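K.L.:
What follows is protein04.txt; its format and atoms are compact mmCIF, C-alpha atoms and all ligand atoms.
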# COMPACT_ATOMS: atom_id res chain seq x y z
CA THR A 1194 27.09 205.05 165.31
CA LEU A 1195 23.86 203.63 166.65
CA PRO A 1196 21.02 202.60 164.36
CA ARG A 1197 18.30 205.25 164.04
CA GLN A 1198 15.52 202.73 163.98
CA VAL A 1199 15.08 199.38 165.68
CA ARG A 1200 12.54 196.65 165.09
CA LEU A 1201 11.35 194.79 168.17
CA VAL A 1202 10.09 191.26 167.74
CA GLU A 1203 7.64 190.59 170.54
CA VAL A 1204 8.02 186.97 171.61
CA GLY A 1205 5.91 187.12 174.78
CA PRO A 1206 2.92 185.14 173.49
CA ARG A 1207 5.30 182.33 172.43
CA ASP A 1208 8.60 182.37 174.36
CA GLY A 1209 6.93 184.12 177.27
CA LEU A 1210 4.03 181.74 177.68
CA GLN A 1211 5.39 178.41 176.40
CA ASN A 1212 6.86 177.46 179.77
CA GLU A 1213 3.86 178.54 181.85
CA GLN A 1214 2.53 175.62 183.90
CA GLN A 1215 -0.94 177.05 184.58
CA PRO A 1216 -3.54 176.86 181.84
CA ILE A 1217 -3.95 180.14 179.96
CA SER A 1218 -7.12 180.53 177.94
CA VAL A 1219 -7.08 181.13 174.22
CA ALA A 1220 -9.08 184.31 174.90
CA ASP A 1221 -6.34 185.65 177.20
CA LYS A 1222 -3.69 184.87 174.59
CA ILE A 1223 -5.72 186.60 171.88
CA ALA A 1224 -6.21 189.65 174.10
CA LEU A 1225 -2.45 189.81 174.69
CA VAL A 1226 -1.62 189.70 170.98
CA ASP A 1227 -4.27 192.33 170.23
CA ALA A 1228 -2.96 194.63 172.98
CA LEU A 1229 0.56 194.30 171.55
CA SER A 1230 -0.49 195.20 168.02
CA ALA A 1231 -2.58 198.09 169.33
CA ALA A 1232 0.55 199.42 171.10
CA GLY A 1233 2.34 199.52 167.75
CA VAL A 1234 4.39 196.31 167.82
CA SER A 1235 5.02 195.29 164.20
CA SER A 1236 6.30 191.73 164.67
CA ILE A 1237 4.53 189.40 167.06
CA GLU A 1238 5.38 185.75 167.61
CA VAL A 1239 1.90 184.43 168.25
CA GLY A 1240 2.70 180.79 169.01
CA SER A 1241 4.41 177.64 167.88
CA PHE A 1242 3.43 174.53 165.98
CA VAL A 1243 5.42 171.95 167.89
CA SER A 1244 4.57 168.64 169.49
CA PRO A 1245 1.97 169.23 172.21
CA ARG A 1246 3.67 166.49 174.17
CA TRP A 1247 6.85 168.57 174.27
CA VAL A 1248 5.26 171.96 174.87
CA PRO A 1249 1.62 171.59 175.98
CA GLN A 1250 1.03 175.33 176.45
CA MET A 1251 1.38 176.01 172.70
CA ALA A 1252 -1.26 173.43 171.69
CA GLY A 1253 -3.89 176.10 171.05
CA SER A 1254 -1.78 178.20 168.66
CA ALA A 1255 -4.09 177.68 165.68
CA GLU A 1256 -7.05 178.98 167.70
CA VAL A 1257 -5.05 182.00 168.77
CA PHE A 1258 -4.24 182.78 165.14
CA ALA A 1259 -7.91 182.36 164.25
CA GLY A 1260 -9.06 184.80 166.94
CA ILE A 1261 -6.66 187.73 166.70
CA GLU A 1262 -7.58 191.02 165.14
CA ARG A 1263 -5.15 191.54 162.26
CA HIS A 1264 -3.65 194.99 162.07
CA ALA A 1265 -2.25 196.18 158.74
CA GLY A 1266 1.54 196.20 158.72
CA VAL A 1267 1.88 193.71 161.58
CA ARG A 1268 3.58 190.39 160.99
CA TYR A 1269 2.11 187.53 163.00
CA THR A 1270 4.66 184.75 163.16
CA ALA A 1271 5.07 181.19 164.45
CA LEU A 1272 7.77 178.68 165.29
CA THR A 1273 7.88 175.57 163.08
CA PRO A 1274 10.37 172.75 163.80
CA ASN A 1275 9.40 170.48 160.88
CA MET A 1276 7.03 170.15 157.92
CA GLN A 1277 4.13 169.08 160.13
CA GLY A 1278 4.56 172.34 162.03
CA PHE A 1279 4.99 174.36 158.85
CA ASP A 1280 1.78 173.00 157.31
CA ALA A 1281 -0.13 173.77 160.50
CA ALA A 1282 1.31 177.30 160.69
CA ALA A 1283 0.50 178.02 157.05
CA SER A 1284 -3.08 176.76 157.49
CA ALA A 1285 -3.44 178.90 160.60
CA GLY A 1286 -2.49 181.98 158.59
CA ALA A 1287 0.98 182.78 159.93
CA ASP A 1288 2.61 185.62 157.97
CA GLU A 1289 6.09 184.32 158.67
CA VAL A 1290 7.59 181.20 160.22
CA ALA A 1291 10.75 180.54 162.19
CA VAL A 1292 12.94 177.47 162.25
CA PHE A 1293 15.06 176.94 165.33
CA ALA A 1294 18.47 175.36 165.61
CA ALA A 1295 21.13 175.37 168.31
CA ALA A 1296 24.84 176.02 168.49
CA SER A 1297 25.26 173.12 170.92
CA GLU A 1298 24.63 169.46 170.08
CA ALA A 1299 23.32 168.61 173.54
CA PHE A 1300 20.76 171.40 173.47
CA SER A 1301 19.66 170.44 169.96
CA GLN A 1302 18.96 166.89 171.16
CA ARG A 1303 17.03 168.01 174.24
CA ASN A 1304 15.04 170.70 172.47
CA ILE A 1305 14.19 169.16 169.11
CA ASN A 1306 15.36 165.56 169.48
CA CYS A 1307 17.96 165.58 166.70
CA SER A 1308 21.50 166.70 165.93
CA ILE A 1309 22.31 170.14 164.54
CA SER A 1310 22.95 168.79 161.05
CA GLU A 1311 19.74 166.71 161.12
CA SER A 1312 17.82 169.81 162.14
CA LEU A 1313 19.24 171.78 159.23
CA LYS A 1314 18.19 169.00 156.85
CA ARG A 1315 14.72 169.05 158.36
CA PHE A 1316 14.50 172.77 157.66
CA GLU A 1317 15.22 172.42 153.92
CA PRO A 1318 11.71 171.31 152.92
CA ILE A 1319 10.33 174.11 155.10
CA MET A 1320 12.41 176.64 153.16
CA THR A 1321 11.10 175.27 149.87
CA ALA A 1322 7.47 175.18 150.99
CA ALA A 1323 7.71 178.66 152.52
CA LYS A 1324 9.12 180.05 149.29
CA THR A 1325 6.22 178.57 147.35
CA ALA A 1326 3.76 179.97 149.88
CA GLY A 1327 5.50 183.36 149.88
CA LEU A 1328 6.28 183.25 153.60
CA PRO A 1329 9.54 184.66 154.96
CA VAL A 1330 11.52 182.35 157.24
CA ARG A 1331 13.48 183.48 160.25
CA GLY A 1332 16.20 181.32 161.78
CA TYR A 1333 16.93 181.03 165.48
CA ILE A 1334 20.09 179.74 167.08
CA SER A 1335 19.97 178.80 170.75
CA CYS A 1336 22.87 178.74 173.20
CA VAL A 1337 24.97 181.32 171.36
CA LEU A 1338 26.64 182.50 174.59
CA GLY A 1339 26.54 179.29 176.60
CA CYS A 1340 24.71 175.98 176.89
CA PRO A 1341 23.01 174.54 179.99
CA TYR A 1342 24.48 171.11 179.16
CA GLU A 1343 27.81 171.83 177.45
CA GLY A 1344 28.87 175.11 179.06
CA THR A 1345 31.01 177.24 176.78
CA VAL A 1346 29.99 177.54 173.14
CA SER A 1347 32.50 178.91 170.65
CA PRO A 1348 31.58 181.89 168.46
CA ALA A 1349 32.96 179.92 165.51
CA GLN A 1350 30.32 177.24 166.06
CA VAL A 1351 27.59 179.88 166.22
CA ALA A 1352 28.93 181.51 163.06
CA ALA A 1353 28.90 178.16 161.24
CA VAL A 1354 25.24 177.49 162.07
CA ALA A 1355 24.31 181.10 161.26
CA ALA A 1356 26.00 180.80 157.86
CA GLU A 1357 24.00 177.65 157.06
CA LEU A 1358 20.67 179.17 158.08
CA HIS A 1359 21.38 182.29 156.06
CA ALA A 1360 22.54 180.27 153.04
CA MET A 1361 19.39 178.15 153.07
CA GLY A 1362 17.26 181.29 152.87
CA CYS A 1363 16.52 182.61 156.35
CA TYR A 1364 16.12 186.37 155.89
CA GLU A 1365 17.27 186.97 159.45
CA VAL A 1366 19.17 184.97 162.05
CA SER A 1367 18.25 185.56 165.67
CA LEU A 1368 21.07 184.85 168.10
CA GLY A 1369 19.66 183.40 171.31
CA ASP A 1370 21.35 183.71 174.68
CA THR A 1371 19.05 181.01 175.98
CA ILE A 1372 20.40 180.92 179.54
CA GLY A 1373 21.30 184.59 179.82
CA THR A 1374 24.90 184.06 180.89
CA GLY A 1375 26.43 186.27 178.20
CA THR A 1376 28.11 189.56 178.99
CA ALA A 1377 28.47 192.73 176.92
CA GLY A 1378 32.06 191.83 176.02
CA ASP A 1379 31.09 188.30 174.93
CA THR A 1380 28.23 189.76 172.91
CA ARG A 1381 30.42 192.18 170.98
CA HIS A 1382 32.94 189.44 170.26
CA LEU A 1383 30.19 187.07 169.11
CA ILE A 1384 28.64 189.58 166.71
CA GLU A 1385 32.03 190.52 165.35
CA GLN A 1386 32.68 186.82 164.59
CA VAL A 1387 29.22 185.96 163.24
CA SER A 1388 29.11 189.07 161.03
CA ARG A 1389 31.98 187.63 159.00
CA GLN A 1390 29.45 185.03 157.80
CA VAL A 1391 26.12 186.86 157.95
CA PRO A 1392 25.73 190.63 157.44
CA ARG A 1393 24.93 192.61 160.55
CA ASP A 1394 21.65 193.87 159.11
CA ARG A 1395 20.54 190.23 158.90
CA LEU A 1396 21.21 189.52 162.59
CA ALA A 1397 18.90 189.87 165.56
CA GLY A 1398 19.60 189.63 169.29
CA HIS A 1399 17.51 187.37 171.56
CA PHE A 1400 18.58 187.82 175.15
CA HIS A 1401 17.18 186.05 178.17
CA ASP A 1402 17.75 188.01 181.34
CA THR A 1403 18.71 185.31 183.84
CA TYR A 1404 21.86 187.13 184.95
CA GLY A 1405 20.48 190.65 184.50
CA GLN A 1406 22.77 191.35 181.54
CA ALA A 1407 20.25 191.56 178.72
CA ILE A 1408 19.95 195.34 178.53
CA ALA A 1409 23.74 195.69 178.56
CA ASN A 1410 23.98 193.03 175.87
CA ILE A 1411 21.46 194.85 173.72
CA TYR A 1412 23.43 198.06 174.06
CA ALA A 1413 26.57 196.14 173.10
CA SER A 1414 24.73 194.74 170.06
CA LEU A 1415 23.57 198.22 169.04
CA LEU A 1416 27.18 199.36 169.11
CA GLU A 1417 27.94 196.44 166.77
CA GLY A 1418 25.25 197.58 164.35
CA VAL A 1419 22.47 195.11 165.19
CA SER A 1420 19.03 196.70 164.86
CA VAL A 1421 16.52 193.92 165.57
CA PHE A 1422 15.83 192.56 169.05
CA ASP A 1423 13.50 189.97 170.47
CA SER A 1424 11.85 190.78 173.77
CA SER A 1425 8.96 189.67 175.89
CA ILE A 1426 6.22 191.77 177.42
CA ALA A 1427 6.57 191.98 181.22
CA GLY A 1428 9.70 189.84 180.92
CA LEU A 1429 7.59 186.70 180.67
CA GLY A 1430 9.08 183.35 179.99
CA GLY A 1431 11.84 180.82 179.92
CA CYS A 1432 12.67 177.80 177.80
CA PRO A 1433 11.28 174.43 178.87
CA TYR A 1434 14.54 172.74 177.79
CA ALA A 1435 16.86 175.13 179.62
CA LYS A 1436 16.23 174.63 183.32
CA GLY A 1437 16.50 177.77 185.42
CA ALA A 1438 16.55 180.06 182.38
CA SER A 1439 14.40 183.09 183.15
CA GLY A 1440 12.34 185.16 180.78
CA ASN A 1441 13.41 187.20 177.84
CA VAL A 1442 14.44 190.77 178.42
CA ALA A 1443 11.28 192.79 179.07
CA SER A 1444 9.98 194.69 176.03
CA GLU A 1445 9.15 197.74 178.14
CA ASP A 1446 12.76 197.92 179.40
CA VAL A 1447 14.17 197.64 175.88
CA LEU A 1448 11.82 200.34 174.66
CA TYR A 1449 12.93 202.65 177.47
CA LEU A 1450 16.58 202.07 176.53
CA LEU A 1451 15.95 202.67 172.83
CA HIS A 1452 13.79 205.74 173.20
CA GLY A 1453 16.35 207.15 175.61
CA LEU A 1454 18.94 206.80 172.87
CA GLY A 1455 16.67 208.62 170.42
CA ILE A 1456 16.06 205.42 168.47
CA SER A 1457 12.55 205.07 167.10
CA THR A 1458 10.51 201.88 167.34
CA GLY A 1459 6.98 202.88 166.43
CA ILE A 1460 5.77 201.48 169.75
CA ASP A 1461 3.88 203.43 172.40
CA LEU A 1462 5.52 202.79 175.78
CA PRO A 1463 2.53 203.59 178.05
CA ALA A 1464 0.30 201.30 175.97
CA LEU A 1465 2.91 198.56 176.07
CA ALA A 1466 3.33 198.95 179.84
CA ALA A 1467 -0.44 198.67 180.29
CA ALA A 1468 -0.44 195.43 178.28
CA GLY A 1469 2.36 194.13 180.49
CA GLY A 1470 0.48 195.05 183.63
CA HIS A 1471 -2.61 193.30 182.36
CA ILE A 1472 -0.95 190.00 181.42
CA SER A 1473 0.92 189.96 184.76
CA GLU A 1474 -2.44 190.23 186.53
CA VAL A 1475 -3.93 187.48 184.37
CA LEU A 1476 -1.00 185.21 185.27
CA GLN A 1477 -1.09 186.45 188.87
CA ARG A 1478 2.61 187.14 189.01
CA PRO A 1479 4.76 190.20 189.65
CA ASN A 1480 5.42 192.29 186.57
CA GLY A 1481 8.89 191.26 185.36
CA SER A 1482 9.56 194.63 183.72
CA ARG A 1483 11.25 197.23 185.92
CA VAL A 1484 10.07 200.00 183.59
CA GLY A 1485 6.56 198.55 183.53
CA ARG A 1486 6.42 198.48 187.33
CA ALA A 1487 7.73 202.02 187.62
CA LEU A 1488 5.27 203.42 185.09
CA LEU A 1489 2.26 201.56 186.45
CA ASN A 1490 2.97 202.45 190.09
CA LYS A 1491 3.37 206.14 189.40
P1 LIG B 1 9.96 163.85 167.88
O1 LIG B 1 9.30 163.10 168.98
O2 LIG B 1 11.35 163.45 167.49
O3 LIG B 1 9.02 163.92 166.58
O4 LIG B 1 9.96 165.39 168.27
P2 LIG B 1 8.53 162.81 165.59
O5 LIG B 1 8.63 163.37 164.21
O6 LIG B 1 9.21 161.49 165.88
O7 LIG B 1 6.97 162.68 165.96
C1 LIG B 1 6.55 162.19 167.22
C2 LIG B 1 5.12 162.64 167.49
O8 LIG B 1 5.08 164.06 167.56
C3 LIG B 1 4.13 162.25 166.41
O9 LIG B 1 2.88 162.02 167.06
C4 LIG B 1 4.01 163.50 165.58
O10 LIG B 1 2.77 163.60 164.93
C5 LIG B 1 4.15 164.57 166.62
P3 LIG B 1 2.34 160.54 167.38
O11 LIG B 1 2.29 159.88 166.04
O12 LIG B 1 3.37 159.93 168.29
O13 LIG B 1 1.02 160.79 168.02
N1 LIG B 1 4.66 165.80 166.03
C6 LIG B 1 4.03 166.99 166.02
N2 LIG B 1 2.84 167.36 166.53
C7 LIG B 1 2.47 168.65 166.33
N3 LIG B 1 3.22 169.55 165.68
C8 LIG B 1 4.42 169.20 165.16
C9 LIG B 1 4.85 167.88 165.33
N4 LIG B 1 5.96 167.22 164.94
C10 LIG B 1 5.83 165.97 165.37
N5 LIG B 1 5.15 170.11 164.52
C11 LIG B 1 9.88 167.69 167.66
C12 LIG B 1 10.55 166.35 167.43
C13 LIG B 1 10.72 168.74 166.96
C14 LIG B 1 8.48 167.65 167.06
C15 LIG B 1 9.79 167.95 169.18
O14 LIG B 1 11.06 167.78 169.73
C16 LIG B 1 9.29 169.32 169.51
O15 LIG B 1 8.12 169.63 169.28
N6 LIG B 1 10.17 170.20 170.03
C17 LIG B 1 9.80 171.59 170.27
C18 LIG B 1 10.52 172.10 171.48
C19 LIG B 1 10.16 173.55 171.66
O16 LIG B 1 9.15 174.03 171.21
N7 LIG B 1 11.03 174.25 172.40
C20 LIG B 1 10.82 175.63 172.70
C21 LIG B 1 10.98 176.53 171.53
S1 LIG B 1 12.68 176.87 171.13
C22 LIG B 1 13.13 178.13 172.24
O17 LIG B 1 12.40 178.45 173.13
C23 LIG B 1 14.45 178.84 172.01
C24 LIG B 1 14.29 180.22 171.39
O18 LIG B 1 13.45 181.05 172.17
C25 LIG B 1 15.68 180.88 171.26
C26 LIG B 1 16.45 180.83 172.58
O19 LIG B 1 16.02 181.46 173.55
O20 LIG B 1 17.45 180.11 172.58
C27 LIG B 1 13.68 180.13 169.97
MG MG B 2 14.06 182.17 173.87
Kindly transcribe the structure held in the file into structure tokens.
P.N.:
Amino acid sequence: TLPRQVRLVEVGPRDGLQNEQQPISVADKIALVDALSAAGVSSIEVGSFVSPRWVPQMAGSAEVFAGIERHAGVRYTALTPNMQGFDAAASAGADEVAVFAAASEAFSQRNINCSISESLKRFEPIMTAAKTAGLPVRGYISCVLGCPYEGTVSPAQVAAVAAELHAMGCYEVSLGDTIGTGTAGDTRHLIEQVSRQVPRDRLAGHFHDTYGQAIANIYASLLEGVSVFDSSIAGLGGCPYAKGASGNVASEDVLYLLHGLGISTGIDLPALAAAGGHISEVLQRPNGSRVGRALLNK
């Protein structure tokens, strides 16, 4: 049976914009976050507190946090790779932080400049500090269905990293198909394996849509009992350390799928589509959501 309710984690302002080469003003980023919360999105990844040399576009994240209009019941979250990032996120007023690991050693090195086990050690003080500060911590794993450098990644390896993140206190583990090569069959198998280590209601799906499989993979995940998905408004994005990886699955498309299944999300699709149309115009690029395009061109 399918879940009756799904929580969408909107990652557009972070995953969607982090790879954007053109400068995007803090005001435009704030307007995007505010439009998302007004549409009813309850979890919004506002930015990341990483090295500006590695990801220049996220350098203004503290200013974005300072400028947004906080809606009651909305969690405004941020990525934090180390204590320096955690301290900055906490000062900026993040409601929740996320640590990010990988299931492949090569990707871990390229993305955060350390091995998987070093990254997990680096996260320990974050877990402690977050507990003291009363902030929930989410854990990401990249390359769960393939790595741009190593190719195949075994579900057992993903399960091992997921188990560690969960054991150290991450309330949820988001499984990232960074390069979007996964298929529905792979996805079901992966969740079946990982759920032996981490309960299904503690897992989230994070699908990039490079191969056009993300919606199918979300449906496969729903069938496996997963009820939290990360998505990006207008399908924005890509990872700077995964060449050729396209954006996350578009939030509008996921919403259309879910509402069609009678699953509630609390999000207003026309309002979300309008927000997607607006940010696409700001970035001067075609709207990456099929549903968004269809609704806006009606
Ligand atoms: P490093 O160079 O090994 O760090 O980078 P370091 O500790 O040696 O410090 C070097 C310099 O960076 C120092 O500055 C630090 O102050 C500075 P200097 O003294 O040379 O002037 N620094 C920082 N500055 C600001 N904020 C910080 C910070 N930490 C150090 N937090 C590091 C290691 C992790 C910092 C770096 O590799 C990094 O920032 N990586 C982030 C990469 C990233 O953001 N990738 C995209 C997000 S992950 C993703 O997209 C995948 C996901 O969507 C899931 C999926 O799709 O798979 C989540
Ligand atoms: Mg991603």
K.L.:
May I have the residues within 6 Å of ligand LIG 1 (chain B), computed using only C-alpha atoms and all ligand atoms, as an mmCIF file with C-alpha atoms, in the frame of the given file?
P.N.:
data_model
loop_
_atom_site.group_PDB
_atom_site.id
_atom_site.type_symbol
_atom_site.label_atom_id
_atom_site.label_comp_id
_atom_site.auth_asym_id
_atom_site.auth_seq_id
_atom_site.Cartn_x
_atom_site.Cartn_y
_atom_site.Cartn_z
ATOM 1 C CA ASP A 1208 8.600 182.370 174.360
ATOM 2 C CA PHE A 1242 3.430 174.530 165.980
ATOM 3 C CA VAL A 1243 5.420 171.950 167.890
ATOM 4 C CA SER A 1244 4.570 168.640 169.490
ATOM 5 C CA PRO A 1245 1.970 169.230 172.210
ATOM 6 C CA TRP A 1247 6.850 168.570 174.270
ATOM 7 C CA VAL A 1248 5.260 171.960 174.870
ATOM 8 C CA PRO A 1274 10.370 172.750 163.800
ATOM 9 C CA ASN A 1275 9.400 170.480 160.880
ATOM 10 C CA GLN A 1277 4.130 169.080 160.130
ATOM 11 C CA GLY A 1278 4.560 172.340 162.030
ATOM 12 C CA PHE A 1293 15.060 176.940 165.330
ATOM 13 C CA ASN A 1304 15.040 170.700 172.470
ATOM 14 C CA ILE A 1305 14.190 169.160 169.110
ATOM 15 C CA ASN A 1306 15.360 165.560 169.480
ATOM 16 C CA TYR A 1333 16.930 181.030 165.480
ATOM 17 C CA SER A 1335 19.970 178.800 170.750
ATOM 18 C CA CYS A 1336 22.870 178.740 173.200
ATOM 19 C CA GLY A 1369 19.660 183.400 171.310
ATOM 20 C CA ASP A 1370 21.350 183.710 174.680
ATOM 21 C CA THR A 1371 19.050 181.010 175.980
ATOM 22 C CA CYS A 1432 12.670 177.800 177.800
#
K.L.:
Quick one: residues within 7 Å of segment 1422-1431 of chain A, all atoms listed in the file, excluding same-chain residues fewer than 5 positions away - as a VMD selection string?
P.N.:
chain A and resid 1200 to 1205 1208 to 1210 1212 1397 to 1399 1438 to 1445 1469 1473 1480 to 1482 1485
K.L.:
Counting only C-alpha atoms and all ligand atoms, which residue out of A:Asp1402, A:Glu1417, A:Asp1288, A:Glu1213 sits closest to ligand MG 2 (chain B)?
P.N.:
A:Asp1402
K.L.:
Please put the answer as AutoDock Vina command-line options: centre and edge lengths, in Å with one decimal, of a box along x, y and z that encloses all listed atoms of segment 1438-1456 of chain A plus 8 Å on each side.
P.N.:
--center_x 14.0 --center_y 194.3 --center_z 175.8 --size_x 25.8 --size_y 44.6 --size_z 30.7
K.L.:
Between atom CA of Ala1294 of chain A and atom CA of Ser1236 of chain A, what is the distance, to one decimal in Å?
P.N.:
20.4 Å
K.L.:
Would you pick out the contacts of Leu1450 of chain A at 12 Å or less, using only C-alpha atoms, so that residues sharing its chain but fewer than 4 positions from it are not included, and give the list as a ChimeraX atom specification?
P.N.:
/A:1199,1407-1412,1415,1442-1446,1454-1458,1462,1483-1484
K.L.:
Any chance you could export the current selection's C-alpha atoms as a CSV table (one decimal), in the frame of the given file?
P.N.:
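The new file selection.csv reads:
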chain,number,residue,atom,x,y,z
A,1199,VAL,CA,15.1,199.4,165.7
A,1407,ALA,CA,20.2,191.6,178.7
A,1408,ILE,CA,20.0,195.3,178.5
A,1409,ALA,CA,23.7,195.7,178.6
A,1410,ASN,CA,24.0,193.0,175.9
A,1411,ILE,CA,21.5,194.8,173.7
A,1412,TYR,CA,23.4,198.1,174.1
A,1415,LEU,CA,23.6,198.2,169.0
A,1442,VAL,CA,14.4,190.8,178.4
A,1443,ALA,CA,11.3,192.8,179.1
A,1444,SER,CA,10.0,194.7,176.0
A,1445,GLU,CA,9.2,197.7,178.1
A,1446,ASP,CA,12.8,197.9,179.4
A,1454,LEU,CA,18.9,206.8,172.9
A,1455,GLY,CA,16.7,208.6,170.4
A,1456,ILE,CA,16.1,205.4,168.5
A,1457,SER,CA,12.6,205.1,167.1
A,1458,THR,CA,10.5,201.9,167.3
A,1462,LEU,CA,5.5,202.8,175.8
A,1483,ARG,CA,11.2,197.2,185.9
A,1484,VAL,CA,10.1,200.0,183.6
K.L.:
A:Ala1285, A:Ile1372, A:Ile1460, A:Ala1224: which is nearest ligand MG 2 (chain B), counting all atoms listed in the file?
P.N.:
A:Ile1372
K.L.:
Do a neighbour search on Ala1464 of chain A at 10 Å with all atoms listed in the file, toss out local chain neighbours closer than 2 positions, and write the hits as a PyMOL selection string.
P.N.:
chain A and resi 1228-1229+1231-1233+1445+1460-1462+1466-1470
K.L.:
With distances taken over only C-alpha atoms and all ligand atoms, which of A:His1401, A:Arg1478, A:His1359, A:Arg1197 is nearest to ligand MG 2 (chain B)?
P.N.:
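For ligand MG 2 (chain B), the nearest of the given residues is A:His1401.
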K.L.:
In file coordinates, which residues lie within 7 Å of (3.5, 180.0, 168.7) using all atoms listed in the file, given as a count of residues only?
P.N.:
10
K.L.:
As a PyMOL selection string, please: the residues near Pro1348 of chain A (cut-off 8 Å, all atoms listed in the file, same-chain neighbours under 6 positions excluded).
P.N.:
chain A and resi 1337-1338+1382-1383+1386-1387
K.L.:
Report, in Å with one decimal, the straight-line distance from atom CA of Leu1396 of chain A to atom CA of Leu1358 of chain A.
P.N.:
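Atom-to-atom, atom CA of Leu1396 of chain A to atom CA of Leu1358 of chain A, that is 11.3 Å.
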K.L.:
What does the distance from atom CA of Leu1328 of chain A to atom CA of Val1366 of chain A come to in Å, to one decimal?
P.N.:
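One can read the atom CA of Leu1328 of chain A to atom CA of Val1366 of chain A distance as 15.5 Å.
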K.L.:
Taking into account all atoms listed in the file, which residue in the set A:Gly1375, A:Ile1334, A:Ala1323, A:Gln1350 is nearest to ligand MG 2 (chain B)?
P.N.:
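Result for the nearest residue to ligand MG 2 (chain B): A:Ile1334.
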K.L.:
Give the answer as one residue: which of A:Ser1301, A:Ser1388, A:Ser1367, A:Thr1194 has the shortest atom-to-atom distance to ligand MG 2 (chain B), using all atoms listed in the file?
P.N.:
A:Ser1367
K.L.:
When distances are computed from all atoms listed in the file, which of A:Asp1379, A:Glu1317, A:Glu1289, A:Glu1256 shows the smallest separation from Thr1270 of chain A?
P.N.:
A:Glu1289
